[in-house]
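Have a look at work_34.txt; it's compact mmCIF, C-alpha atoms:
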```txt
# COMPACT_ATOMS: atom_id res chain seq x y z
CA MET O 1 174.60 22.36 57.48
CA PRO O 2 176.36 25.66 58.33
CA LEU O 3 174.49 28.59 59.91
CA THR O 4 171.19 26.78 60.29
CA LYS O 5 168.07 28.57 61.51
CA VAL O 6 166.02 26.63 64.07
CA LEU O 7 162.77 27.54 65.85
CA ILE O 8 163.19 26.13 69.36
CA ALA O 9 160.16 24.13 70.53
CA VAL O 10 161.71 21.73 73.06
CA LYS O 11 164.23 21.89 75.89
CA THR O 12 164.44 18.81 78.08
CA TYR O 13 165.33 18.90 81.76
CA PRO O 14 169.13 18.74 82.11
CA THR O 15 170.70 15.31 82.51
CA LEU O 16 174.18 14.19 83.47
CA SER O 17 176.44 12.44 81.00
CA SER O 18 179.77 10.97 81.96
CA LYS O 19 181.02 11.94 78.50
CA TYR O 20 179.52 15.41 78.03
CA GLU O 21 178.87 16.64 81.59
CA GLU O 22 175.46 18.32 82.07
CA LEU O 23 173.43 18.47 78.90
CA VAL O 24 170.11 19.63 77.49
CA CYS O 25 168.45 18.05 74.46
CA THR O 26 167.05 20.76 72.22
CA ALA O 27 164.61 20.19 69.38
CA GLY O 28 162.65 22.42 67.07
CA PHE O 29 161.75 23.19 63.50
CA LEU O 30 163.74 24.17 60.45
CA GLU O 31 162.44 26.94 58.23
CA ASN O 32 160.65 24.33 56.08
CA GLY O 33 158.86 22.92 59.14
CA ASP O 34 160.89 19.72 59.49
CA TRP O 35 161.92 18.58 62.98
CA ILE O 36 165.55 18.75 64.06
CA ARG O 37 167.30 17.63 67.25
CA ILE O 38 170.41 19.46 68.54
CA TYR O 39 172.52 17.43 70.94
CA PRO O 40 174.70 17.82 72.92
CA VAL O 41 174.27 21.40 74.16
CA PRO O 42 175.86 22.48 77.49
CA PHE O 43 173.02 24.96 77.84
CA ARG O 44 173.59 26.30 81.36
CA LYS O 45 177.25 26.95 80.57
CA LYS O 46 176.34 29.20 77.68
CA SER O 47 176.54 32.97 78.09
CA PHE O 48 173.21 34.59 78.95
CA ASN O 49 172.85 36.09 75.48
CA GLU O 50 173.02 32.53 74.05
CA ARG O 51 170.45 30.95 76.42
CA TYR O 52 167.52 30.60 74.07
CA ARG O 53 163.89 30.29 75.14
CA LYS O 54 161.14 28.26 73.53
CA TYR O 55 159.83 29.68 70.26
CA GLU O 56 162.91 31.79 69.68
CA TRP O 57 164.70 31.55 66.36
CA ILE O 58 168.35 30.69 66.72
CA GLU O 59 171.13 30.40 64.18
CA LEU O 60 174.25 28.29 64.60
CA ASP O 61 176.74 26.06 62.81
CA LEU O 62 175.43 22.49 62.80
CA VAL O 63 176.80 19.20 61.52
CA LYS O 64 175.20 15.75 61.42
CA ASN O 65 175.70 13.93 64.70
CA THR O 66 177.48 10.84 63.37
CA ALA O 67 177.27 9.19 66.80
CA ASP O 68 173.47 9.19 66.51
CA PHE O 69 171.70 7.18 63.77
CA ARG O 70 168.42 9.09 64.12
CA PRO O 71 167.91 11.21 60.97
CA GLU O 72 166.89 14.40 62.81
CA SER O 73 169.98 14.45 65.06
CA TYR O 74 172.59 17.18 64.60
CA ARG O 75 175.17 18.74 66.88
CA PRO O 76 176.92 22.10 67.12
CA TRP O 77 180.06 22.16 64.99
CA LYS O 78 182.16 22.75 68.13
CA GLU O 79 181.36 22.70 71.84
CA ASP O 80 181.74 26.48 71.97
CA THR O 81 179.87 27.16 68.72
CA GLU O 82 178.18 30.54 69.06
CA ILE O 83 174.38 30.62 69.16
CA ASN O 84 172.73 33.72 67.72
CA ILE O 85 169.15 34.50 68.84
CA PHE O 86 167.31 36.69 66.36
CA GLY O 87 163.54 36.43 66.77
CA HIS O 88 160.59 35.14 68.78
CA LEU O 89 157.14 33.80 67.84
CA ASP O 90 154.49 35.06 70.25
CA THR O 91 151.06 33.59 71.10
CA LYS O 92 148.96 36.13 69.21
CA GLY O 93 145.97 34.75 67.32
CA ASN O 94 145.81 31.71 69.61
CA TRP O 95 149.39 30.68 68.75
CA TYR O 96 148.75 31.18 65.02
CA HIS O 97 152.39 31.57 63.97
CA ARG O 98 153.56 28.71 66.19
CA LYS O 99 150.88 26.41 64.78
CA LYS O 100 152.30 26.79 61.27
CA TYR O 101 155.35 24.84 62.43
CA ALA O 102 154.15 22.70 65.35
CA LEU O 103 151.03 21.40 63.58
CA LYS O 104 152.44 20.97 60.09
CA LYS O 105 152.30 17.19 60.54
CA VAL O 106 150.32 15.65 63.40
CA TYR O 107 150.18 11.94 64.27
CA THR O 108 147.10 10.43 65.91
CA ASN O 109 147.96 6.71 65.78
CA MET O 110 150.69 5.43 68.10
CA ARG O 111 151.05 2.09 66.33
CA GLU O 112 151.74 3.81 63.01
CA LEU O 113 154.22 6.23 64.59
CA ILE O 114 156.17 3.43 66.29
CA SER O 115 156.22 1.44 63.04
CA GLU O 116 157.59 4.48 61.21
CA ALA O 117 160.27 4.93 63.88
CA LYS O 118 161.42 1.32 63.60
CA ASP O 119 161.49 1.37 59.79
CA LYS O 120 165.20 1.97 59.13
CA SER O 121 164.41 3.65 55.82
CA ILE O 122 162.42 6.32 57.72
CA GLY O 123 163.49 6.25 61.37
CA THR O 124 161.19 9.03 62.59
CA SER O 125 162.33 10.07 66.08
CA LEU O 126 160.52 13.39 66.60
CA ALA O 127 156.82 14.01 66.15
CA THR O 128 153.77 16.06 67.13
CA PHE O 129 151.08 13.76 68.51
CA LYS O 130 147.39 14.44 69.20
CA PRO O 131 145.87 12.06 71.79
CA ARG O 132 142.20 11.24 71.42
CA LYS O 133 141.79 11.38 75.18
CA ILE O 134 143.98 12.09 78.19
CA LEU O 135 143.22 9.47 80.85
CA ASP O 136 145.50 10.53 83.69
CA PHE O 137 148.62 12.37 84.78
CA THR O 138 150.77 10.23 87.08
CA ILE O 139 153.57 11.13 89.48
CA GLU O 140 156.05 8.54 90.75
CA GLN O 141 159.00 8.86 93.11
CA VAL O 142 162.43 8.13 91.64
CA GLU O 143 166.02 8.34 92.89
CA ARG O 144 166.46 11.70 94.57
CA GLU O 145 170.13 12.27 93.78
CA TRP O 146 172.41 11.83 90.80
CA SER O 147 174.44 8.64 90.96
CA PRO O 148 177.74 9.03 92.92
CA GLU O 149 179.61 7.46 89.99
CA LYS O 150 178.49 10.15 87.54
CA LEU O 151 179.18 12.95 90.00
CA ALA O 152 182.65 11.59 90.64
CA LEU O 153 183.39 11.57 86.93
CA LEU O 154 182.04 15.09 86.50
CA ASN O 155 184.19 16.36 89.35
CA GLN O 156 187.18 15.11 87.43
CA TYR O 157 186.10 17.42 84.60
CA GLY O 158 186.24 20.44 86.89
CA LEU O 159 182.67 20.98 88.06
CA PHE O 160 182.54 22.95 91.29
CA GLU O 161 180.01 24.26 93.75
CA GLU O 162 178.53 27.61 92.78
CA THR O 163 180.37 30.53 94.39
CA SER O 164 180.60 34.29 94.05
CA THR O 165 183.04 33.68 91.20
CA LYS O 166 180.18 32.10 89.22
CA GLU O 167 181.64 28.62 89.13
CA PHE O 168 179.26 25.92 87.92
CA LYS O 169 176.89 23.87 90.08
CA VAL O 170 175.19 20.74 88.76
CA VAL O 171 171.42 21.07 88.33
CA LYS O 172 169.22 19.50 91.02
CA LYS O 173 167.79 16.11 90.14
CA LEU O 174 164.00 15.83 90.06
CA PRO O 175 162.80 13.38 92.74
CA TYR O 176 159.66 12.53 90.75
CA LYS O 177 158.77 11.17 87.33
CA PHE O 178 155.79 12.81 85.60
CA SER O 179 153.78 10.96 82.93
CA TYR O 180 150.67 11.29 80.79
CA LYS O 181 148.39 8.29 80.30
CA PHE O 182 146.37 8.65 77.11
CA GLU O 183 144.64 6.80 74.30
CA ASP O 184 145.07 7.33 70.57
CA GLU O 185 142.53 7.18 67.72
CA GLU O 186 142.44 3.36 67.88
CA GLY O 187 141.90 3.32 71.64
CA LYS O 188 145.48 2.12 72.29
CA VAL O 189 146.53 3.24 75.79
CA SER O 190 150.06 4.55 76.38
CA THR O 191 151.81 5.99 79.42
CA LEU O 192 154.77 8.19 78.50
CA MET O 193 157.13 10.08 80.77
CA ASN O 194 157.40 13.86 80.33
CA GLU O 195 160.99 15.15 80.35
CA ASP O 196 160.22 18.75 79.42
CA TRP O 197 162.32 21.40 81.19
CA GLU O 198 159.16 23.36 82.02
CA ILE O 199 157.62 20.61 84.14
CA GLY O 200 160.80 20.46 86.24
CA GLN O 201 160.83 24.22 86.64
CA LEU O 202 157.16 24.20 87.67
CA TYR O 203 157.85 21.57 90.32
CA TRP O 204 160.71 23.58 91.87
CA LYS O 205 158.61 26.76 91.75
CA MET O 206 155.70 25.08 93.56
CA LEU O 207 158.07 23.47 96.07
CA ALA O 208 159.38 26.93 96.98
CA LYS O 209 155.83 28.30 97.14
CA TYR O 210 154.83 25.61 99.66
CA GLU O 211 158.08 25.87 101.62
CA GLY O 212 159.29 22.37 100.84
CA ASP O 213 155.98 20.50 100.98
CA GLU O 214 156.44 18.03 98.11
CA HIS O 215 152.87 16.71 98.28
CA LYS O 216 151.37 20.17 97.72
CA ALA O 217 153.91 20.90 94.98
CA CYS O 218 152.95 17.70 93.12
CA ILE O 219 149.24 18.52 93.46
CA ASP O 220 149.77 21.86 91.73
CA VAL O 221 151.87 20.28 88.95
CA LYS O 222 149.06 17.79 88.32
CA LYS O 223 146.48 20.58 88.29
CA LYS O 224 148.43 22.41 85.60
CA TYR O 225 149.02 19.41 83.35
CA LEU O 226 145.71 17.57 83.87
CA ASP O 227 143.07 20.07 84.93
CA ASP O 228 144.40 22.92 82.77
CA PHE O 229 146.35 21.59 79.76
CA ALA O 230 144.40 18.33 79.27
CA ASN O 231 140.89 19.54 80.08
CA THR O 232 140.72 23.20 79.04
CA LYS O 233 143.33 23.45 76.25
CA ASP O 234 143.80 21.91 72.81
CA LEU O 235 146.65 19.66 73.93
CA TYR O 236 149.30 18.16 71.65
CA LEU O 237 152.37 16.23 72.76
CA PHE O 238 155.85 16.63 71.32
CA LEU O 239 157.34 13.13 71.28
CA GLY O 240 160.92 11.99 70.84
CA THR O 241 162.64 8.61 70.93
CA THR O 242 165.56 7.78 73.17
CA LYS O 243 168.60 6.63 71.24
CA ALA O 244 169.09 3.54 73.44
CA ASN O 245 165.51 2.30 72.98
CA HIS O 246 164.76 3.52 69.46
CA PHE O 247 164.88 0.06 67.88
CA ARG O 248 164.54 -2.24 70.87
CA GLY O 249 161.83 -0.65 73.02
CA LEU O 250 158.19 -1.61 72.49
CA ASN O 251 157.42 2.11 72.56
CA PRO O 252 160.66 4.12 72.27
CA PHE O 253 158.98 7.52 72.63
CA ILE O 254 158.87 9.88 75.59
CA ILE O 255 157.17 13.26 75.91
CA ILE O 256 159.65 16.07 75.42
CA GLY O 257 157.22 18.97 75.37
CA THR O 258 153.59 20.05 75.20
CA PHE O 259 151.74 22.38 72.83
CA HIS O 260 148.56 23.80 74.31
CA PRO O 261 146.73 26.66 72.60
CA LYS O 262 143.16 27.43 73.56
CA ILE O 263 140.41 25.25 72.18
CA GLU O 264 139.05 26.88 69.03
CA THR O 265 135.34 27.62 69.07
CA GLN O 266 133.11 28.58 66.18
CA GLY O 267 132.79 32.08 67.56
CA SER O 268 136.55 32.58 67.59
CA LEU O 269 136.64 32.26 63.80
CA PHE O 270 134.87 35.59 63.24
```
Please, can you express the file's structure as structure tokens?
Amino acid sequence: MPLTKVLIAVKTYPTLSSKYEELVCTAGFLENGDWIRIYPVPFRKKSFNERYRKYEWIELDLVKNTADFRPESYRPWKEDTEINIFGHLDTKGNWYHRKKYALKKVYTNMRELISEAKDKSIGTSLATFKPRKILDFTIEQVEREWSPEKLALLNQYGLFEETSTKEFKVVKKLPYKFSYKFEDEEGKVSTLMNEDWEIGQLYWKMLAKYEGDEHKACIDVKKKYLDDFANTKDLYLFLGTTKANHFRGLNPFIIIGTFHPKIETQGSLF
């Protein structure tokens, strides 16, 4: 799949891999509206003119990721494959142009989506999901630092503290796990973790605003995702499976992004 055009819709918070160093999982839409996952991408090591934002069109050389059985999974041809950014979809018309891709196919039944994921002839691992009702937004403490074993391995690969010579510094680990609790059209209740880059960035921004007060920072994150997105916006969830749990987990999906245009009213149609 050489020189493929992808509309970026998802960037997950960076994680550490003992094999690939620090990585970001990117997902988005092909020109025909189908989902595609691009992994691995050493995003923060890319030059600034290759650091794509959400809803930018990018073009790059892709090949099927043969180490990943999920049908949507591709990888850059080489680690240093150039990424060309050539366009951006704005939010005009209440996200009209974005909706043509993000809402092309929307799931509303979690049982059916999980069944489709576990069917090896289909294997769906990326989807847009519309909850019937958001019940809660939960925040739980997790390990505050990356494991010493992974850091030790990464140091062997030449990762250094950031200096004036622009050497690389590993991203800070989030000390909290953020999740939505929701029900689908059948009333089935699910609680899924949100690994979107934006939620991590919001947490660090609020932490700086409140001068290190984690409690206040978490309150503001919850306000944004529950009071704003879930209660005043037309909220959809971008879901993706994890490779390790795709076939063995009861629910292999996590939230990898949100889509939240304004709620359409009858008056907005005229």
*In Å, with one decimal, what is the gap from atom CA of O:Asn245 to atom CA of O:Glu116?*
14.4 Å
*Compute the distance from (148.5, 12.1, 63.9) to each atom, counting only C-alpha atoms, keep the residues with any atom at most 8 Å away, and return them as a list of chain:residue names; use the coordinates of the file.*
O:Lys105, O:Val106, O:Tyr107, O:Thr108, O:Asn109, O:Thr128, O:Phe129, O:Lys130
Please dump the current selection as a PDB file, keeping the file's coordinate frame; keep C-alpha atoms.
```pdb
ATOM      1  CA  LYS O 105     152.300  17.190  60.540  1.00  0.00           C
ATOM      2  CA  VAL O 106     150.320  15.650  63.400  1.00  0.00           C
ATOM      3  CA  TYR O 107     150.180  11.940  64.270  1.00  0.00           C
ATOM      4  CA  THR O 108     147.100  10.430  65.910  1.00  0.00           C
ATOM      5  CA  ASN O 109     147.960   6.710  65.780  1.00  0.00           C
ATOM      6  CA  THR O 128     153.770  16.060  67.130  1.00  0.00           C
ATOM      7  CA  PHE O 129     151.080  13.760  68.510  1.00  0.00           C
ATOM      8  CA  LYS O 130     147.390  14.440  69.200  1.00  0.00           C
TER       9      LYS O 130
END
```
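Computed from the coordinates, the atom CA of O:Pro76 to atom CA of O:Asn194 distance equals 25.0 Å.
Shortest separation to O:Val10 among O:Phe238, O:Phe247, O:Phe182, O:Trp57 occurs at residue O:Phe238, atoms counted being all atoms listed in the file.
Considering the residues O:Ser73, O:Gln141, O:Ser121, O:Thr91 and counting all atoms listed in the file, O:Pro261 has its shortest atom-to-atom contact with O:Thr91.
Atom CA of O:Glu31 to atom CA of O:Thr66 spans 22.6 Å [interatomic distance, one decimal].
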*Please return, as a PyMOL selection string, all polymer residues that have at least one atom within 9 Å of the point (162.8, 11.2, 74.1); use all atoms listed in the file and the file's own coordinate frame.*
chain O and resi 12+25+125-126+193-195+239-243+252-256
Write a file of the selected residues as a PDB file, in the frame of the given file, keeping C-alpha atoms.
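Now in result16.pdb:
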```
ATOM      1  CA  THR O  12     164.440  18.810  78.080  1.00  0.00           C
ATOM      2  CA  CYS O  25     168.450  18.050  74.460  1.00  0.00           C
ATOM      3  CA  SER O 125     162.330  10.070  66.080  1.00  0.00           C
ATOM      4  CA  LEU O 126     160.520  13.390  66.600  1.00  0.00           C
ATOM      5  CA  MET O 193     157.130  10.080  80.770  1.00  0.00           C
ATOM      6  CA  ASN O 194     157.400  13.860  80.330  1.00  0.00           C
ATOM      7  CA  GLU O 195     160.990  15.150  80.350  1.00  0.00           C
ATOM      8  CA  LEU O 239     157.340  13.130  71.280  1.00  0.00           C
ATOM      9  CA  GLY O 240     160.920  11.990  70.840  1.00  0.00           C
ATOM     10  CA  THR O 241     162.640   8.610  70.930  1.00  0.00           C
ATOM     11  CA  THR O 242     165.560   7.780  73.170  1.00  0.00           C
ATOM     12  CA  LYS O 243     168.600   6.630  71.240  1.00  0.00           C
ATOM     13  CA  PRO O 252     160.660   4.120  72.270  1.00  0.00           C
ATOM     14  CA  PHE O 253     158.980   7.520  72.630  1.00  0.00           C
ATOM     15  CA  ILE O 254     158.870   9.880  75.590  1.00  0.00           C
ATOM     16  CA  ILE O 255     157.170  13.260  75.910  1.00  0.00           C
ATOM     17  CA  ILE O 256     159.650  16.070  75.420  1.00  0.00           C
TER      18      ILE O 256
END
```
*Determine, counting all atoms listed in the file, which protein, DNA and RNA residues have an atom within 10 Å of an atom of stretch 219-225 of chain O; residues of the same chain fewer than 5 positions away are not included. Present the result as a ChimeraX atom specification.*
/O:136-139,178-180,199-200,202-207,214,230-231,233,235,258
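Distances here use only C-alpha atoms; by that measure, the residue among O:Leu62, O:Leu30, O:Leu16, O:Asn84 closest to O:Phe48 is O:Asn84.
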*Within 12 Å of O:Val189, counting all atoms listed in the file, which residues qualify if same-chain residues fewer than 2 places away don't, as number ranges by chain?*
O: 109-111, 131-136, 180-187, 191-192, 251
